[in-house]
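Chemist: Data: data30.pdb, PDB, C-alpha atoms, pLDDT in the B column.
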ATOM      1  CA  MET W   1       7.685  -3.450  26.829  1.00 84.00           C
ATOM      2  CA  ALA W   2       9.433  -1.571  24.079  1.00 91.00           C
ATOM      3  CA  PHE W   3      12.036  -2.824  21.653  1.00 95.00           C
ATOM      4  CA  TYR W   4      15.308  -1.008  21.056  1.00 96.00           C
ATOM      5  CA  GLN W   5      17.697  -1.399  18.111  1.00 95.00           C
ATOM      6  CA  ALA W   6      21.331  -1.505  19.186  1.00 94.00           C
ATOM      7  CA  LEU W   7      23.662  -0.033  16.549  1.00 94.00           C
ATOM      8  CA  ILE W   8      27.439   0.153  16.829  1.00 93.00           C
ATOM      9  CA  PRO W   9      29.741   2.413  14.769  1.00 92.00           C
ATOM     10  CA  PRO W  10      31.799   1.194  11.817  1.00 89.00           C
ATOM     11  CA  PRO W  11      34.878  -0.916  12.554  1.00 86.00           C
ATOM     12  CA  ASP W  12      37.687   1.228  13.856  1.00 77.00           C
ATOM     13  CA  ALA W  13      41.179   0.825  15.240  1.00 60.00           C
ATOM     14  CA  GLY W  14      39.741   1.165  18.757  1.00 74.00           C
ATOM     15  CA  GLY W  15      38.521  -2.403  18.961  1.00 82.00           C
ATOM     16  CA  LEU W  16      35.201  -4.113  19.533  1.00 83.00           C
ATOM     17  CA  ARG W  17      34.869  -3.086  23.179  1.00 85.00           C
ATOM     18  CA  GLU W  18      35.116   0.621  22.318  1.00 87.00           C
ATOM     19  CA  GLU W  19      32.570   0.168  19.511  1.00 87.00           C
ATOM     20  CA  ILE W  20      30.141  -1.486  21.915  1.00 88.00           C
ATOM     21  CA  GLU W  21      30.608   1.342  24.408  1.00 88.00           C
ATOM     22  CA  GLN W  22      29.689   3.863  21.665  1.00 90.00           C
ATOM     23  CA  ALA W  23      26.487   1.993  20.766  1.00 92.00           C
ATOM     24  CA  ARG W  24      23.249   3.857  20.113  1.00 94.00           C
ATOM     25  CA  LEU W  25      19.940   2.374  21.164  1.00 95.00           C
ATOM     26  CA  LEU W  26      16.973   3.553  19.109  1.00 95.00           C
ATOM     27  CA  PRO W  27      13.464   2.810  20.367  1.00 95.00           C
ATOM     28  CA  GLU W  28      10.947   1.123  18.103  1.00 93.00           C
ATOM     29  CA  SER W  29       8.233   3.562  19.072  1.00 93.00           C
ATOM     30  CA  PHE W  30       6.159   6.457  17.841  1.00 95.00           C
ATOM     31  CA  THR W  31       8.117   9.714  17.558  1.00 95.00           C
ATOM     32  CA  TRP W  32       5.948  12.530  18.888  1.00 96.00           C
ATOM     33  CA  PRO W  33       8.351  15.381  18.011  1.00 96.00           C
ATOM     34  CA  ALA W  34       8.359  14.193  14.385  1.00 96.00           C
ATOM     35  CA  LEU W  35       4.554  14.298  14.347  1.00 96.00           C
ATOM     36  CA  ILE W  36       4.347  17.771  15.859  1.00 96.00           C
ATOM     37  CA  PHE W  37       7.348  19.558  14.319  1.00 96.00           C
ATOM     38  CA  GLY W  38       7.792  17.610  11.037  1.00 93.00           C
ATOM     39  CA  GLY W  39      10.383  19.343   8.864  1.00 94.00           C
ATOM     40  CA  VAL W  40      12.120  21.055  11.782  1.00 97.00           C
ATOM     41  CA  TRP W  41      12.584  17.646  13.440  1.00 97.00           C
ATOM     42  CA  LEU W  42      14.068  16.271  10.194  1.00 97.00           C
ATOM     43  CA  LEU W  43      16.524  19.169  10.039  1.00 97.00           C
ATOM     44  CA  PHE W  44      17.446  18.792  13.718  1.00 97.00           C
ATOM     45  CA  LYS W  45      18.207  15.070  13.166  1.00 96.00           C
ATOM     46  CA  ARG W  46      20.163  15.928   9.992  1.00 96.00           C
ATOM     47  CA  LEU W  47      17.971  13.821   7.732  1.00 96.00           C
ATOM     48  CA  TRP W  48      18.614  15.982   4.684  1.00 96.00           C
ATOM     49  CA  LEU W  49      17.201  13.735   1.963  1.00 95.00           C
ATOM     50  CA  ALA W  50      14.048  13.036   3.968  1.00 95.00           C
ATOM     51  CA  PHE W  51      13.647  16.788   4.549  1.00 97.00           C
ATOM     52  CA  ILE W  52      13.934  17.492   0.814  1.00 97.00           C
ATOM     53  CA  VAL W  53      11.243  14.896   0.056  1.00 96.00           C
ATOM     54  CA  TYR W  54       9.090  16.276   2.907  1.00 96.00           C
ATOM     55  CA  ALA W  55       9.442  19.855   1.616  1.00 96.00           C
ATOM     56  CA  LEU W  56       8.620  18.794  -1.964  1.00 97.00           C
ATOM     57  CA  VAL W  57       5.485  16.951  -0.850  1.00 95.00           C
ATOM     58  CA  TRP W  58       4.465  19.861   1.383  1.00 93.00           C
ATOM     59  CA  GLY W  59       5.014  22.358  -1.433  1.00 93.00           C
ATOM     60  CA  GLY W  60       3.246  20.112  -3.929  1.00 93.00           C
ATOM     61  CA  LEU W  61       0.171  19.945  -1.746  1.00 91.00           C
ATOM     62  CA  ILE W  62       0.073  23.738  -1.416  1.00 90.00           C
ATOM     63  CA  TYR W  63       0.502  24.044  -5.196  1.00 91.00           C
ATOM     64  CA  LEU W  64      -2.357  21.613  -5.781  1.00 88.00           C
ATOM     65  CA  GLN W  65      -4.571  23.627  -3.462  1.00 90.00           C
ATOM     66  CA  ARG W  66      -3.848  26.983  -5.096  1.00 91.00           C
ATOM     67  CA  GLN W  67      -3.578  26.079  -8.777  1.00 91.00           C
ATOM     68  CA  ILE W  68      -5.829  23.061  -9.244  1.00 88.00           C
ATOM     69  CA  GLY W  69      -8.348  23.801  -6.534  1.00 86.00           C
ATOM     70  CA  PHE W  70      -7.900  21.025  -3.995  1.00 84.00           C
ATOM     71  CA  SER W  71     -10.168  21.597  -1.048  1.00 87.00           C
ATOM     72  CA  PHE W  72      -8.701  22.818   2.217  1.00 87.00           C
ATOM     73  CA  LEU W  73      -9.901  19.644   3.956  1.00 91.00           C
ATOM     74  CA  ALA W  74      -8.073  17.397   1.452  1.00 88.00           C
ATOM     75  CA  VAL W  75      -4.830  19.319   1.927  1.00 89.00           C
ATOM     76  CA  MET W  76      -5.132  19.194   5.724  1.00 92.00           C
ATOM     77  CA  LEU W  77      -5.795  15.445   5.634  1.00 94.00           C
ATOM     78  CA  SER W  78      -2.741  14.995   3.414  1.00 93.00           C
ATOM     79  CA  HIS W  79      -0.576  17.039   5.794  1.00 93.00           C
ATOM     80  CA  THR W  80      -1.896  15.015   8.738  1.00 95.00           C
ATOM     81  CA  ALA W  81      -1.128  11.754   6.929  1.00 96.00           C
ATOM     82  CA  LEU W  82       2.396  13.004   6.218  1.00 95.00           C
ATOM     83  CA  ALA W  83       2.885  13.947   9.882  1.00 96.00           C
ATOM     84  CA  VAL W  84       1.598  10.554  11.092  1.00 97.00           C
ATOM     85  CA  PHE W  85       3.956   8.817   8.659  1.00 96.00           C
ATOM     86  CA  LEU W  86       6.893  10.786  10.082  1.00 96.00           C
ATOM     87  CA  GLY W  87       5.797   9.882  13.596  1.00 96.00           C
ATOM     88  CA  LEU W  88       5.642   6.191  12.741  1.00 96.00           C
ATOM     89  CA  GLU W  89       8.833   6.009  10.699  1.00 96.00           C
ATOM     90  CA  GLY W  90      10.994   8.644  12.413  1.00 95.00           C
ATOM     91  CA  GLN W  91      13.222   6.226  14.333  1.00 96.00           C
ATOM     92  CA  ASN W  92      13.578   4.001  11.247  1.00 95.00           C
ATOM     93  CA  LEU W  93      14.773   7.002   9.231  1.00 96.00           C
ATOM     94  CA  ILE W  94      17.486   7.614  11.836  1.00 96.00           C
ATOM     95  CA  ALA W  95      18.459   3.920  11.831  1.00 96.00           C
ATOM     96  CA  ARG W  96      18.687   3.837   8.030  1.00 96.00           C
ATOM     97  CA  LYS W  97      20.867   6.954   8.044  1.00 96.00           C
ATOM     98  CA  LEU W  98      23.251   5.294  10.509  1.00 95.00           C
ATOM     99  CA  LEU W  99      23.276   2.037   8.511  1.00 95.00           C
ATOM    100  CA  ARG W 100      24.202   3.976   5.344  1.00 95.00           C
ATOM    101  CA  LYS W 101      27.116   5.499   7.274  1.00 94.00           C
ATOM    102  CA  GLY W 102      28.449   2.021   8.083  1.00 93.00           C
ATOM    103  CA  TRP W 103      26.926   1.448  11.533  1.00 94.00           C
ATOM    104  CA  ARG W 104      25.905  -2.144  12.216  1.00 93.00           C
ATOM    105  CA  LEU W 105      22.773  -3.529  13.835  1.00 94.00           C
ATOM    106  CA  VAL W 106      24.061  -5.932  16.488  1.00 93.00           C
ATOM    107  CA  ASP W 107      21.111  -6.565  18.779  1.00 92.00           C
ATOM    108  CA  VAL W 108      17.459  -5.924  19.470  1.00 94.00           C
ATOM    109  CA  VAL W 109      16.698  -5.427  23.160  1.00 94.00           C
ATOM    110  CA  GLU W 110      13.335  -5.629  24.903  1.00 95.00           C
ATOM    111  CA  ALA W 111      13.030  -3.366  27.948  1.00 94.00           C
ATOM    112  CA  PRO W 112      10.557  -1.033  29.657  1.00 94.00           C
ATOM    113  CA  ASP W 113      12.780   2.063  29.275  1.00 94.00           C
ATOM    114  CA  LEU W 114      16.043   3.248  27.732  1.00 94.00           C
ATOM    115  CA  SER W 115      18.205   2.803  30.827  1.00 94.00           C
ATOM    116  CA  SER W 116      17.042  -0.803  31.257  1.00 94.00           C
ATOM    117  CA  ALA W 117      17.656  -1.441  27.563  1.00 94.00           C
ATOM    118  CA  GLU W 118      21.199  -0.085  27.822  1.00 93.00           C
ATOM    119  CA  ARG W 119      21.888  -2.226  30.879  1.00 94.00           C
ATOM    120  CA  ARG W 120      20.579  -5.377  29.165  1.00 94.00           C
ATOM    121  CA  PHE W 121      22.528  -4.644  25.994  1.00 94.00           C
ATOM    122  CA  PHE W 122      25.823  -4.092  27.813  1.00 92.00           C
ATOM    123  CA  GLU W 123      25.281  -7.176  29.994  1.00 92.00           C
ATOM    124  CA  ARG W 124      24.891  -9.282  26.863  1.00 90.00           C
ATOM    125  CA  ALA W 125      27.518  -7.615  24.689  1.00 89.00           C
ATOM    126  CA  LEU W 126      30.428  -6.939  27.027  1.00 82.00           C
ATOM    127  CA  PRO W 127      30.803 -10.451  28.559  1.00 74.00           C
ATOM    128  CA  ALA W 128      30.886 -11.825  25.021  1.00 61.00           C
ATOM    129  CA  VAL W 129      33.768  -9.504  24.173  1.00 59.00           C
ATOM    130  CA  THR W 130      35.774 -10.337  27.279  1.00 59.00           C
ATOM    131  CA  SER W 131      35.146 -14.079  27.042  1.00 56.00           C
ATOM    132  CA  SER W 132      36.142 -14.182  23.357  1.00 53.00           C
ATOM    133  CA  ARG W 133      39.606 -12.877  24.242  1.00 52.00           C
ATOM    134  CA  VAL W 134      40.206 -15.472  26.947  1.00 45.00           C
ATOM    135  CA  VAL W 135      42.139 -18.424  25.606  1.00 46.00           C
ATOM    136  CA  GLU W 136      41.023 -21.708  27.102  1.00 50.00           C
ATOM    137  CA  ALA W 137      43.127 -24.834  27.218  1.00 48.00           C
ATOM    138  CA  PRO W 138      41.786 -27.590  24.979  1.00 52.00           C
ATOM    139  CA  SER W 139      39.934 -30.205  26.948  1.00 55.00           C
ATOM    140  CA  ALA W 140      39.374 -33.880  26.266  1.00 51.00           C
ATOM    141  CA  PRO W 141      36.378 -34.636  24.081  1.00 54.00           C
ATOM    142  CA  ALA W 142      33.215 -35.605  25.923  1.00 53.00           C
ATOM    143  CA  PRO W 143      32.637 -39.374  26.110  1.00 49.00           C
ATOM    144  CA  THR W 144      30.060 -40.638  23.694  1.00 48.00           C
ATOM    145  CA  ARG W 145      27.204 -42.875  24.720  1.00 49.00           C
ATOM    146  CA  PHE W 146      27.532 -45.268  21.805  1.00 46.00           C
ATOM    147  CA  ALA W 147      31.007 -46.561  21.072  1.00 48.00           C
ATOM    148  CA  ALA W 148      30.076 -48.211  17.767  1.00 52.00           C
ATOM    149  CA  GLY W 149      29.820 -44.890  15.969  1.00 52.00           C
ATOM    150  CA  PRO W 150      27.228 -42.333  15.259  1.00 57.00           C
ATOM    151  CA  ALA W 151      23.723 -43.756  15.099  1.00 57.00           C
ATOM    152  CA  PRO W 152      21.163 -42.140  12.843  1.00 60.00           C
ATOM    153  CA  VAL W 153      18.817 -39.883  14.748  1.00 59.00           C
ATOM    154  CA  ILE W 154      15.238 -39.455  13.605  1.00 60.00           C
ATOM    155  CA  GLY W 155      13.189 -36.556  14.938  1.00 61.00           C
ATOM    156  CA  LEU W 156      14.088 -34.241  17.764  1.00 64.00           C
ATOM    157  CA  PHE W 157      15.389 -36.776  20.292  1.00 59.00           C
ATOM    158  CA  PRO W 158      19.156 -37.438  20.487  1.00 59.00           C
ATOM    159  CA  GLU W 159      18.865 -41.058  21.588  1.00 60.00           C
ATOM    160  CA  ALA W 160      18.541 -43.497  18.732  1.00 54.00           C
ATOM    161  CA  ASN W 161      17.056 -46.360  20.784  1.00 56.00           C
ATOM    162  CA  GLY W 162      14.820 -44.925  23.488  1.00 53.00           C
ATOM    163  CA  ARG W 163      11.999 -42.700  24.437  1.00 51.00           C
TER     164      ARG W 163
END
Would you mind writing the structure in this file as structure tokens?

Modeler:
Amino acid sequence: MAFYQALIPPPDAGGLREEIEQARLLPESFTWPALIFGGVWLLFKRLWLAFIVYALVWGGLIYLQRQIGFSFLAVMLSHTALAVFLGLEGQNLIARKLLRKGWRLVDVVEAPDLSSAERRFFERALPAVTSSRVVEAPSAPAPTRFAAGPAPVIGLFPEANGR
């Protein structure tokens, strides 16, 4: 089972229901396109700052190879490590970008695939929205077991006298 982060856009005049319907679910998984395509993937996802850092590291490694004499194997291992890092952290980079823009993390959903995750998220989120708008009539307080007043409770059991 995979985990998905549910992010909703910043508060708007549309209301909470519209924000929930615009939610984005990001998987907590390895990002193969980020591993294979690297900088192009960063540009496609509009991660400008991450692309600048990626390009500087890439260029620095090439500079080290040409000017200082790093071996080809060391440079290739460094490029591979950079690609694996992007693959591992690609979805987190997208989530951080959205959080900086004001999006909010509202839920983490466990599901086998994206469609199941969306269904579970909407089942949990939308009834909460509709039930929060329903005004219920106040009911009588529940009868208490002990009329003398609240008894001190020790431990996890609510009864003060029994097992």

Chemist: Expand the PyMOL selection byres ((chain W and resi 1) around 8) into the explicit residue set it covers here, and present it as a PDB file with C-alpha atoms, in the frame of the given file.

Modeler:
ATOM      1  CA  ALA W   2       9.433  -1.571  24.079  1.00 91.00           C
ATOM      2  CA  PHE W   3      12.036  -2.824  21.653  1.00 95.00           C
ATOM      3  CA  GLU W 110      13.335  -5.629  24.903  1.00 95.00           C
ATOM      4  CA  ALA W 111      13.030  -3.366  27.948  1.00 94.00           C
ATOM      5  CA  PRO W 112      10.557  -1.033  29.657  1.00 94.00           C
ATOM      6  CA  ASP W 113      12.780   2.063  29.275  1.00 94.00           C
TER       7      ASP W 113
END

Chemist: Please evaluate the PyMOL selection byres ((chain W and resi 17) around 9) against the structure above and give the resulting residues as a ChimeraX atom specification.

Modeler: /W:14-16,18-22,125-126,129-130

Chemist: Pull C-alpha atoms from the residues just selected and write them as a CSV table (one decimal), keeping the file's coordinate frame.

Modeler:
chain,number,residue,atom,x,y,z
W,14,GLY,CA,39.7,1.2,18.8
W,15,GLY,CA,38.5,-2.4,19.0
W,16,LEU,CA,35.2,-4.1,19.5
W,18,GLU,CA,35.1,0.6,22.3
W,19,GLU,CA,32.6,0.2,19.5
W,20,ILE,CA,30.1,-1.5,21.9
W,21,GLU,CA,30.6,1.3,24.4
W,22,GLN,CA,29.7,3.9,21.7
W,125,ALA,CA,27.5,-7.6,24.7
W,126,LEU,CA,30.4,-6.9,27.0
W,129,VAL,CA,33.8,-9.5,24.2
W,130,THR,CA,35.8,-10.3,27.3

Chemist: Report, in Å with one decimal, the straight-line distance from CA of Ser115 in chain W to CA of Ala95 in chain W.

Modeler: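 So the answer is 19.0 Å.
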
Chemist: Name the closest residue to Ile62 in chain W among the candidates W:Leu26, W:Leu86, W:Val75, W:Ala117; distances are taken between atoms, counting only C-alpha atoms.

Modeler: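 Once distances to Ile62 in chain W are computed over only C-alpha atoms, the minimum belongs to W:Val75.
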
Chemist: Can you list, as a PyMOL selection string, the residues that the PyMOL selection byres ((chain W and resi 83) around 9) selects here?

Modeler: chain W and resi 34-38+78-82+84-88

Chemist: Just how far from CA of Ser116 in chain W is CA of Leu47 in chain W, in Å to one decimal?

Modeler: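 CA of Ser116 in chain W lies at a distance of 27.7 Å from CA of Leu47 in chain W.
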
Chemist: Write out as a list of chain:residue names which residues come within 10 Å of Lys45 in chain W when counting all atoms listed in the file, dropping same-chain ones fewer than 2 positions away.

Modeler: W:Ala34, W:Gly39, W:Val40, W:Trp41, W:Leu42, W:Leu43, W:Leu47, W:Trp48, W:Phe51, W:Gly90, W:Leu93, W:Ile94, W:Lys97

Chemist: Could you write out that same residue set with C-alpha atoms as a compact mmCIF listing (two decimals), in the frame of the given file?

Modeler:
# COMPACT_ATOMS: atom_id res chain seq x y z
CA ALA W 34 8.36 14.19 14.38
CA GLY W 39 10.38 19.34 8.86
CA VAL W 40 12.12 21.06 11.78
CA TRP W 41 12.58 17.65 13.44
CA LEU W 42 14.07 16.27 10.19
CA LEU W 43 16.52 19.17 10.04
CA LEU W 47 17.97 13.82 7.73
CA TRP W 48 18.61 15.98 4.68
CA PHE W 51 13.65 16.79 4.55
CA GLY W 90 10.99 8.64 12.41
CA LEU W 93 14.77 7.00 9.23
CA ILE W 94 17.49 7.61 11.84
CA LYS W 97 20.87 6.95 8.04

Chemist: Closest to Trp32 in chain W among W:Glu123, W:Gln91, W:Leu49, W:Val106, using all atoms listed in the file?

Modeler: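 Ranked by minimum distance to Trp32 in chain W, first place goes to W:Gln91.
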
Chemist: Could you give me, as a list in words, the residues within 9 Å of Arg104 in chain W, counting all atoms listed in the file and dropping anything in the same chain fewer than 6 positions from it?

Modeler: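 Here the answer would be Ala6, Leu7, Ile8, Pro9, Pro10 and Leu98 of chain W.
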
Chemist: Nearest to Glu28 in chain W: which of W:Asp12, W:Tyr63, W:Arg124, W:Tyr4 is it, counting all atoms listed in the file?

Modeler: W:Tyr4

Chemist: How many Å lie between CA of Glu89 in chain W and CA of Ala50 in chain W, rounded to one decimal?

Modeler: 11.0 Å

Chemist: Identify which of the residues W:Ile52, W:Asn92, W:Gln65, W:Pro11 lies closest to Phe30 in chain W, counting only C-alpha atoms when measuring atom-to-atom distances.

Modeler: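 Ranking W:Ile52, W:Asn92, W:Gln65, W:Pro11 by distance to Phe30 in chain W, first place goes to W:Asn92.
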